[in-house]
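Dropping model-v9.txt in here (compact mmCIF, C-alpha atoms):
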# COMPACT_ATOMS: atom_id res chain seq x y z
CA MET F 1 -39.82 44.25 -10.04
CA LYS F 2 -39.89 47.47 -8.00
CA PRO F 3 -40.09 47.12 -4.23
CA THR F 4 -43.45 47.72 -2.59
CA THR F 5 -43.86 51.13 -0.94
CA LEU F 6 -45.92 52.42 1.99
CA LYS F 7 -47.92 54.44 -0.53
CA GLU F 8 -49.01 51.30 -2.41
CA ILE F 9 -50.09 49.54 0.77
CA ALA F 10 -52.04 52.62 1.85
CA ALA F 11 -53.76 52.91 -1.55
CA THR F 12 -54.72 49.23 -1.60
CA LEU F 13 -56.25 49.38 1.89
CA GLY F 14 -57.76 52.86 1.47
CA ILE F 15 -55.93 54.31 4.49
CA SER F 16 -53.28 56.98 4.95
CA ILE F 17 -49.53 56.41 4.62
CA THR F 18 -49.14 57.58 8.23
CA THR F 19 -51.56 54.89 9.44
CA VAL F 20 -49.65 52.22 7.51
CA SER F 21 -46.36 53.40 9.03
CA LYS F 22 -47.84 53.41 12.55
CA ALA F 23 -49.38 49.95 12.06
CA LEU F 24 -46.03 48.51 11.00
CA LYS F 25 -44.45 50.02 14.13
CA ASN F 26 -47.26 48.66 16.34
CA TYR F 27 -48.48 52.08 17.55
CA SER F 28 -51.24 51.83 20.14
CA ASP F 29 -53.50 54.39 18.38
CA VAL F 30 -54.05 52.03 15.42
CA SER F 31 -56.80 49.43 15.83
CA PRO F 32 -55.86 45.73 15.96
CA LYS F 33 -58.00 45.11 12.85
CA THR F 34 -56.13 47.73 10.82
CA LYS F 35 -52.74 46.50 12.09
CA LYS F 36 -53.59 42.96 11.00
CA ALA F 37 -54.70 44.11 7.55
CA VAL F 38 -51.52 46.11 7.07
CA MET F 39 -49.26 43.33 8.32
CA ASP F 40 -50.95 40.69 6.19
CA LEU F 41 -50.70 42.79 3.03
CA ALA F 42 -47.09 43.77 3.78
CA GLU F 43 -46.19 40.09 4.12
CA GLN F 44 -48.09 39.18 0.96
CA LEU F 45 -46.26 41.87 -1.03
CA ASN F 46 -42.87 41.11 0.56
CA PHE F 47 -42.65 44.66 1.85
CA THR F 48 -39.27 45.66 3.33
CA PRO F 49 -38.94 49.01 5.12
CA ASN F 50 -36.55 51.46 3.47
CA SER F 51 -33.83 51.47 6.10
CA PHE F 52 -31.99 54.35 4.43
CA ALA F 53 -35.06 56.56 4.71
CA VAL F 54 -35.54 55.50 8.32
CA ASN F 55 -31.91 56.30 9.03
CA LEU F 56 -32.31 59.79 7.57
CA ARG F 57 -35.26 60.45 9.88
CA THR F 58 -33.72 58.99 13.03
CA LYS F 59 -30.12 60.03 12.24
CA GLU F 60 -29.08 56.47 13.13
CA SER F 61 -27.76 53.71 10.90
CA LYS F 62 -27.87 51.00 13.60
CA THR F 63 -24.51 49.86 12.27
CA ILE F 64 -21.03 50.11 13.74
CA GLY F 65 -17.63 49.63 12.17
CA LEU F 66 -15.05 47.16 13.50
CA ILE F 67 -11.48 47.45 12.16
CA ILE F 68 -8.96 44.80 13.16
CA PRO F 69 -5.41 44.10 11.96
CA GLU F 70 -6.13 40.50 10.94
CA VAL F 71 -9.09 38.12 10.97
CA VAL F 72 -7.23 34.81 10.95
CA HIS F 73 -5.73 35.25 14.40
CA HIS F 74 -7.65 33.33 17.07
CA PHE F 75 -7.51 36.34 19.42
CA PHE F 76 -9.25 38.64 16.95
CA SER F 77 -11.77 36.03 15.80
CA ASN F 78 -12.92 35.74 19.43
CA ILE F 79 -13.20 39.53 19.69
CA ILE F 80 -15.33 39.59 16.52
CA GLN F 81 -17.64 36.97 18.02
CA GLY F 82 -18.00 38.97 21.24
CA VAL F 83 -18.76 42.21 19.37
CA ILE F 84 -21.28 40.65 16.97
CA GLU F 85 -23.20 38.76 19.66
CA GLU F 86 -23.38 41.78 21.95
CA ALA F 87 -24.28 44.17 19.11
CA ASP F 88 -27.12 41.91 18.00
CA LYS F 89 -28.69 42.14 21.45
CA SER F 90 -29.01 45.90 20.95
CA GLY F 91 -30.15 45.75 17.33
CA TYR F 92 -26.84 46.75 15.72
CA MET F 93 -25.17 45.28 12.66
CA VAL F 94 -21.36 45.17 12.43
CA ILE F 95 -19.25 46.06 9.39
CA ILE F 96 -15.98 44.13 9.81
CA LEU F 97 -12.83 45.38 8.06
CA GLN F 98 -9.26 44.07 8.13
CA SER F 99 -6.38 46.53 7.86
CA ASN F 100 -3.68 43.90 7.22
CA GLU F 101 -1.42 45.97 9.51
CA SER F 102 -1.42 48.70 6.83
CA LEU F 103 -1.78 52.36 7.79
CA GLU F 104 -2.91 53.36 4.30
CA LEU F 105 -5.60 50.67 4.18
CA GLU F 106 -6.73 51.59 7.67
CA LYS F 107 -7.19 55.23 6.56
CA LYS F 108 -9.32 54.13 3.60
CA GLN F 109 -11.43 51.95 5.87
CA VAL F 110 -12.09 54.81 8.29
CA ASN F 111 -13.23 56.96 5.35
CA LEU F 112 -15.49 54.13 4.18
CA LEU F 113 -17.12 53.97 7.61
CA PHE F 114 -17.57 57.76 7.55
CA ASN F 115 -19.40 57.42 4.22
CA LYS F 116 -21.53 54.58 5.56
CA ARG F 117 -22.57 56.90 8.40
CA VAL F 118 -21.92 54.27 11.06
CA ASP F 119 -23.03 55.13 14.57
CA GLY F 120 -19.61 54.31 16.04
CA ILE F 121 -16.23 52.71 15.39
CA LEU F 122 -14.29 50.01 17.23
CA MET F 123 -10.64 49.64 16.28
CA SER F 124 -7.48 47.73 17.09
CA LEU F 125 -4.77 49.77 15.38
CA SER F 126 -2.40 48.51 12.73
CA ASN F 127 1.27 48.29 13.65
CA GLU F 128 1.92 51.44 11.60
CA SER F 129 -0.70 53.61 13.34
CA ASN F 130 -0.11 55.98 16.23
CA TYR F 131 -1.23 59.61 16.25
CA ASP F 132 -2.48 59.92 12.68
CA ASN F 133 -5.01 62.32 11.18
CA HIS F 134 -7.61 59.65 10.37
CA LEU F 135 -7.83 58.84 14.09
CA LYS F 136 -7.97 62.50 15.06
CA ASN F 137 -10.76 62.99 12.47
CA ILE F 138 -12.92 60.35 14.16
CA ILE F 139 -12.74 62.38 17.37
CA SER F 140 -13.17 65.79 15.71
CA ASN F 141 -16.25 64.57 13.81
CA GLY F 142 -17.88 63.47 17.05
CA ILE F 143 -18.12 59.81 16.08
CA PRO F 144 -18.19 57.48 19.10
CA PHE F 145 -14.88 55.65 19.10
CA VAL F 146 -13.36 52.86 21.20
CA GLN F 147 -9.85 51.51 20.78
CA PHE F 148 -9.01 48.02 22.01
CA ASP F 149 -5.91 45.84 22.32
CA LYS F 150 -3.50 47.82 20.08
CA ILE F 151 -4.12 51.46 20.94
CA SER F 152 -2.63 54.94 20.75
CA LYS F 153 -2.39 56.59 24.15
CA LEU F 154 -2.29 59.95 22.34
CA ILE F 155 -5.84 59.63 20.93
CA PRO F 156 -8.45 60.79 23.49
CA SER F 157 -10.99 57.99 23.10
CA SER F 158 -12.32 55.21 25.29
CA LYS F 159 -10.12 52.12 25.41
CA VAL F 160 -10.38 48.47 26.41
CA ILE F 161 -6.99 47.05 27.26
CA ILE F 162 -5.02 44.68 29.39
CA ASN F 163 -1.98 45.69 31.43
CA ASP F 164 0.56 44.36 28.92
CA GLN F 165 3.54 45.39 31.01
CA LYS F 166 2.23 43.62 34.11
CA ALA F 167 1.20 40.52 32.12
CA ALA F 168 4.63 40.29 30.48
CA SER F 169 6.30 40.79 33.84
CA GLU F 170 4.37 37.86 35.29
CA ALA F 171 5.33 35.68 32.31
CA VAL F 172 9.04 36.48 32.68
CA GLN F 173 8.88 36.12 36.46
CA HIS F 174 7.46 32.64 35.95
CA LEU F 175 10.49 31.70 33.80
CA ILE F 176 12.83 33.06 36.47
CA ASP F 177 10.96 31.21 39.21
CA ILE F 178 11.42 27.85 37.43
CA GLY F 179 15.18 28.43 37.23
CA CYS F 180 15.84 30.31 33.97
CA LYS F 181 19.01 32.42 34.13
CA LYS F 182 19.32 33.73 30.57
CA ILE F 183 16.03 34.71 28.92
CA ALA F 184 15.61 35.91 25.34
CA HIS F 185 12.63 37.98 24.22
CA ILE F 186 11.05 37.90 20.76
CA ARG F 187 9.17 41.19 20.74
CA GLY F 188 6.66 42.86 18.43
CA PRO F 189 7.41 45.80 16.09
CA GLU F 190 8.71 49.07 17.54
CA ASN F 191 5.45 51.01 17.23
CA PRO F 192 2.41 49.22 18.77
CA GLN F 193 1.91 50.14 22.41
CA ASN F 194 1.28 46.56 23.47
CA ALA F 195 4.63 45.44 21.99
CA ILE F 196 6.39 48.29 23.78
CA ASP F 197 4.74 47.43 27.09
CA ARG F 198 5.50 43.70 26.81
CA PHE F 199 9.15 44.54 26.13
CA LEU F 200 9.24 46.89 29.13
CA GLY F 201 7.69 44.20 31.33
CA TYR F 202 10.43 41.80 30.23
CA LYS F 203 13.25 44.30 30.78
CA LYS F 204 12.10 45.56 34.18
CA THR F 205 11.49 42.06 35.53
CA LEU F 206 15.01 40.95 34.64
CA GLU F 207 16.44 43.99 36.40
CA LYS F 208 14.18 43.50 39.42
CA ASN F 209 15.60 40.00 39.81
CA GLY F 210 19.21 41.11 39.48
CA ILE F 211 19.60 39.78 35.92
CA PRO F 212 21.41 42.33 33.71
CA PHE F 213 19.44 43.38 30.63
CA ASP F 214 21.20 42.49 27.37
CA SER F 215 19.79 44.09 24.21
CA LYS F 216 21.39 41.31 22.14
CA LEU F 217 18.85 38.91 23.64
CA VAL F 218 15.96 40.89 22.13
CA TYR F 219 14.75 39.94 18.63
CA THR F 220 12.21 42.15 16.86
CA CYS F 221 9.40 40.83 14.65
CA GLN F 222 8.16 42.89 11.74
CA ASN F 223 4.94 41.01 11.08
CA VAL F 224 4.58 38.81 14.21
CA THR F 225 4.35 35.50 12.33
CA PHE F 226 4.97 31.78 12.80
CA ASP F 227 7.87 31.98 10.33
CA GLU F 228 9.55 34.73 12.34
CA GLY F 229 9.34 32.49 15.40
CA VAL F 230 11.05 29.70 13.46
CA GLU F 231 13.83 31.97 12.19
CA PHE F 232 14.48 33.69 15.52
CA ALA F 233 14.65 30.32 17.31
CA LYS F 234 17.41 29.30 14.89
CA GLN F 235 19.23 32.57 15.50
CA ILE F 236 18.91 32.48 19.29
CA VAL F 237 20.46 29.01 19.49
CA ILE F 238 23.37 30.12 17.26
CA ASP F 239 23.93 33.50 18.95
CA HIS F 240 23.33 32.40 22.54
CA PRO F 241 23.66 28.63 23.03
CA ASP F 242 23.34 29.14 26.79
CA VAL F 243 19.85 30.71 26.60
CA ASP F 244 17.50 28.69 28.82
CA GLY F 245 14.26 30.65 28.48
CA ILE F 246 12.33 32.47 25.74
CA PHE F 247 9.39 34.87 26.13
CA ALA F 248 7.54 35.39 22.82
CA VAL F 249 5.26 38.34 22.14
CA THR F 250 2.40 36.10 20.91
CA ASP F 251 1.53 32.41 20.86
CA LEU F 252 1.77 32.38 17.05
CA VAL F 253 5.44 33.37 17.28
CA ALA F 254 5.98 30.97 20.21
CA VAL F 255 4.57 28.05 18.20
CA GLY F 256 7.10 28.87 15.48
CA VAL F 257 9.87 28.82 18.10
CA LEU F 258 8.64 25.50 19.47
CA SER F 259 8.45 23.97 16.00
CA ASN F 260 12.09 24.78 15.34
CA LEU F 261 13.30 23.62 18.76
CA ASN F 262 11.46 20.31 18.34
CA GLU F 263 12.86 19.84 14.85
CA ASN F 264 16.39 20.33 16.17
CA ASN F 265 15.89 18.05 19.17
CA ILE F 266 16.30 20.86 21.69
CA ALA F 267 14.38 19.69 24.75
CA VAL F 268 11.58 21.95 25.98
CA PRO F 269 11.54 22.85 28.83
CA SER F 270 14.65 21.11 30.21
CA GLN F 271 17.04 22.92 27.83
CA ILE F 272 14.93 25.95 26.90
CA ALA F 273 11.68 26.88 28.64
CA LEU F 274 9.15 28.80 26.53
CA ILE F 275 6.13 31.00 27.19
CA GLY F 276 3.86 32.83 24.75
CA PHE F 277 1.07 35.37 25.00
CA SER F 278 -2.70 35.31 24.22
CA ASN F 279 -3.75 31.68 24.95
CA TRP F 280 -4.37 30.80 21.32
CA PHE F 281 -6.19 27.47 20.92
CA MET F 282 -3.11 25.94 19.24
CA SER F 283 -1.18 26.38 22.48
CA GLN F 284 -3.14 23.48 23.98
CA VAL F 285 -2.80 20.98 21.12
CA ILE F 286 0.92 21.19 20.26
CA LYS F 287 3.61 19.11 21.96
CA PRO F 288 4.72 20.09 24.48
CA LYS F 289 1.69 22.20 25.37
CA LEU F 290 2.57 25.89 25.44
CA SER F 291 2.58 28.03 28.58
CA THR F 292 1.04 31.41 27.88
CA VAL F 293 -0.62 34.55 29.17
CA ASP F 294 -4.40 34.28 28.91
CA GLN F 295 -5.95 37.32 27.23
CA PRO F 296 -9.75 37.57 27.65
CA SER F 297 -10.46 38.11 23.93
CA TYR F 298 -14.22 37.36 23.85
CA GLU F 299 -14.75 39.52 26.93
CA MET F 300 -12.75 42.30 25.29
CA GLY F 301 -15.18 42.30 22.34
CA VAL F 302 -18.23 42.39 24.63
CA VAL F 303 -16.85 45.17 26.83
CA ALA F 304 -15.66 47.23 23.83
CA PHE F 305 -19.10 47.16 22.21
CA ASN F 306 -20.91 48.09 25.42
CA LEU F 307 -18.52 50.99 26.00
CA LEU F 308 -19.16 52.17 22.45
CA LEU F 309 -22.93 51.82 22.92
CA GLU F 310 -22.71 53.88 26.10
CA GLU F 311 -21.08 56.71 24.16
CA ILE F 312 -23.60 56.41 21.29
CA LEU F 313 -26.52 56.74 23.71
CA TYR F 314 -24.92 59.65 25.58
CA ARG F 315 -24.40 61.57 22.36
CA LYS F 316 -27.90 60.72 21.13
CA GLU F 317 -29.29 62.38 24.26
CA GLY F 318 -27.04 65.41 23.80
CA LYS F 319 -24.93 64.59 26.85
CA ASP F 320 -21.17 65.02 27.12
CA PHE F 321 -19.29 61.74 27.22
CA LYS F 322 -15.99 61.45 29.06
CA PRO F 323 -13.79 58.70 27.55
CA ARG F 324 -13.02 55.80 29.87
CA THR F 325 -10.35 53.13 29.89
CA ILE F 326 -11.33 49.65 31.04
CA GLU F 327 -8.54 47.25 31.96
CA LEU F 328 -9.27 43.52 31.83
CA ASN F 329 -7.45 40.92 33.92
CA THR F 330 -4.91 38.42 32.60
CA ASN F 331 -3.22 35.40 34.13
CA VAL F 332 -0.31 33.08 33.37
CA ILE F 333 -1.30 29.57 32.33
CA VAL F 334 1.50 27.11 33.06
CA ARG F 335 1.71 24.13 30.71
CA GLU F 336 4.41 21.66 29.67
CA SER F 337 6.70 24.16 27.90
CA SER F 338 7.72 25.82 31.18
CA LEU F 339 7.59 23.20 33.89
CA LYS F 340 10.11 23.64 36.70
CA LYS F 341 13.70 22.84 35.76
CA ASN F 342 15.59 20.14 37.69
If you convert what's in this file into structure tokens, what do you get?
Amino acid sequence: MKPTTLKEIAATLGISITTVSKALKNYSDVSPKTKKAVMDLAEQLNFTPNSFAVNLRTKESKTIGLIIPEVVHHFFSNIIQGVIEEADKSGYMVIILQSNESLELEKKQVNLLFNKRVDGILMSLSNESNYDNHLKNIISNGIPFVQFDKISKLIPSSKVIINDQKAASEAVQHLIDIGCKKIAHIRGPENPQNAIDRFLGYKKTLEKNGIPFDSKLVYTCQNVTFDEGVEFAKQIVIDHPDVDGIFAVTDLVAVGVLSNLNENNIAVPSQIALIGFSNWFMSQVIKPKLSTVDQPSYEMGVVAFNLLLEEILYRKEGKDFKPRTIELNTNVIVRESSLKKN
């Protein structure tokens, strides 16, 4: 059955299409009686406005795109919740896409959002992304764009971030303060800015405390997984049996480390203290409970959407928008995995 049109409602009621349209939008120059007649008939006929036609007239889709590296991670699921709830308040729908840390897939997803004529794009970059043409094209096409969490400093867009270097420094300083003398770091891949900054925070904090940096104590993840945490824990104990502290780039990796240490009866924290990053919910339910850096993930989603909306509204009014970077606060949460050594 074909969908009901404005024309059919107008013909049935003997009024103009314009009057029907105004009645449905609750214009004040349409009488209450006519509005009621239109609304009642529209409900009876299951009338649904043609959103595509509306979008063509208003040049708005009332949708935004959200591209994230992975959905399963607790950090990103919280961001999604923050974005969706905040977008709904302003009448926006969210198209959620997962890049699987793939540059090629990310490029296809950006093109898809172009074709969907979204009003703006939110993105946490894949590990393979940096200063690529698909990101430059978002800017050159005048599409409102906000990067969050994993970003490229080279792309001139608004950003919502934490100070990864400072947060990592505080995590490593905590390990030093509880008595750790030889600290290994399981870092993220070479490319993402947040992995670079967390590594730099680790390195500089060692040097600041008079502990020589040793590149052999740094282990690099390719995919930042639980399994990599397990494997690197095995390797660290073999390579450096005197290591007494480990700083992992994420809680997921840290939980893998902890699993292996527990399995091999290596006492945490008395033999090896451990701290992760992100405050994943699992960090509170494992034994021993995992110390971590708290990342405000839900808040990041809320702030990212509102920054995007600000740019959308500026451009809609023909105003120039100057990209802004908003930095959110983090803090170290001390749990059982890094209690003070005797």
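The gap separating CA of Ile161 in chain F from CA of Lys204 in chain F is 20.4 Å, in Å to one decimal.
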Worksheet entry | Distance in Å - CA of Gln147 in chain F versus CA of Phe281 in chain F |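 Result for CA of Gln147 in chain F versus CA of Phe281 in chain F: 24.3 Å, one decimal.
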Mind running range 97-195 of chain F against range 283-306 of chain F at 7 Å and telling me each contacting residue's nearest atom pair with the distance in Å (one decimal), counting all atoms listed in the file, chain and number ascending, as a Markdown table?
| residue | atom | partner | partner_atom | distance |
| --- | --- | --- | --- | --- |
| F:Val146 | CA | F:Ala304 | CA | 6.6 |
| F:Phe148 | CA | F:Ala304 | CA | 6.9 |
| F:Val160 | CA | F:Ala304 | CA | 6.0 |
| F:Ala167 | CA | F:Val293 | CA | 6.9 |
| F:Ala171 | CA | F:Val293 | CA | 6.8 |
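With all atoms listed in the file as the basis for measurement, F:Val237 is the residue among F:Pro32, F:Ile186, F:Phe247, F:Val237 that approaches Asn264 in chain F most closely.
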Discussion item. Quick one: residues within 9 Å of Ala42 in chain F, all atoms listed in the file, excluding same-chain residues fewer than 5 positions away - as a VMD selection string?
Written reply: chain F and resid 4 6 9 24 37 47 to 48
Worksheet item: Around (7.8, 33.0, 21.6) in the file's frame, which residues reach within 6 Å when counting all atoms listed in the file? Return as a ChimeraX atom specification?
Response: /F:186,247-249,253-254,257,276
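Using only C-alpha atoms, the nearest neighbour of Lys216 in chain F within the list F:Ala184, F:Ile64, F:Ala233, F:Ile79 is F:Ala184.
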Response to the item:
In terms of only C-alpha atoms, the residue from F:Asp214, F:Thr225, F:Ser169, F:Pro144 at minimal distance from His240 in chain F is F:Asp214
Worksheet, complete the sentence: Of F:Gln271, F:Ser152, F:Asn163, F:Asn279, the one sitting nearest Ile326 in chain F when using only C-alpha atoms is F:Asn163
Practice prompt. Please indicate the distance in Å from CA of Glu327 in chain F to CA of Asn127 in chain F, rounded to one decimal place.
Written response: 20.8 Å
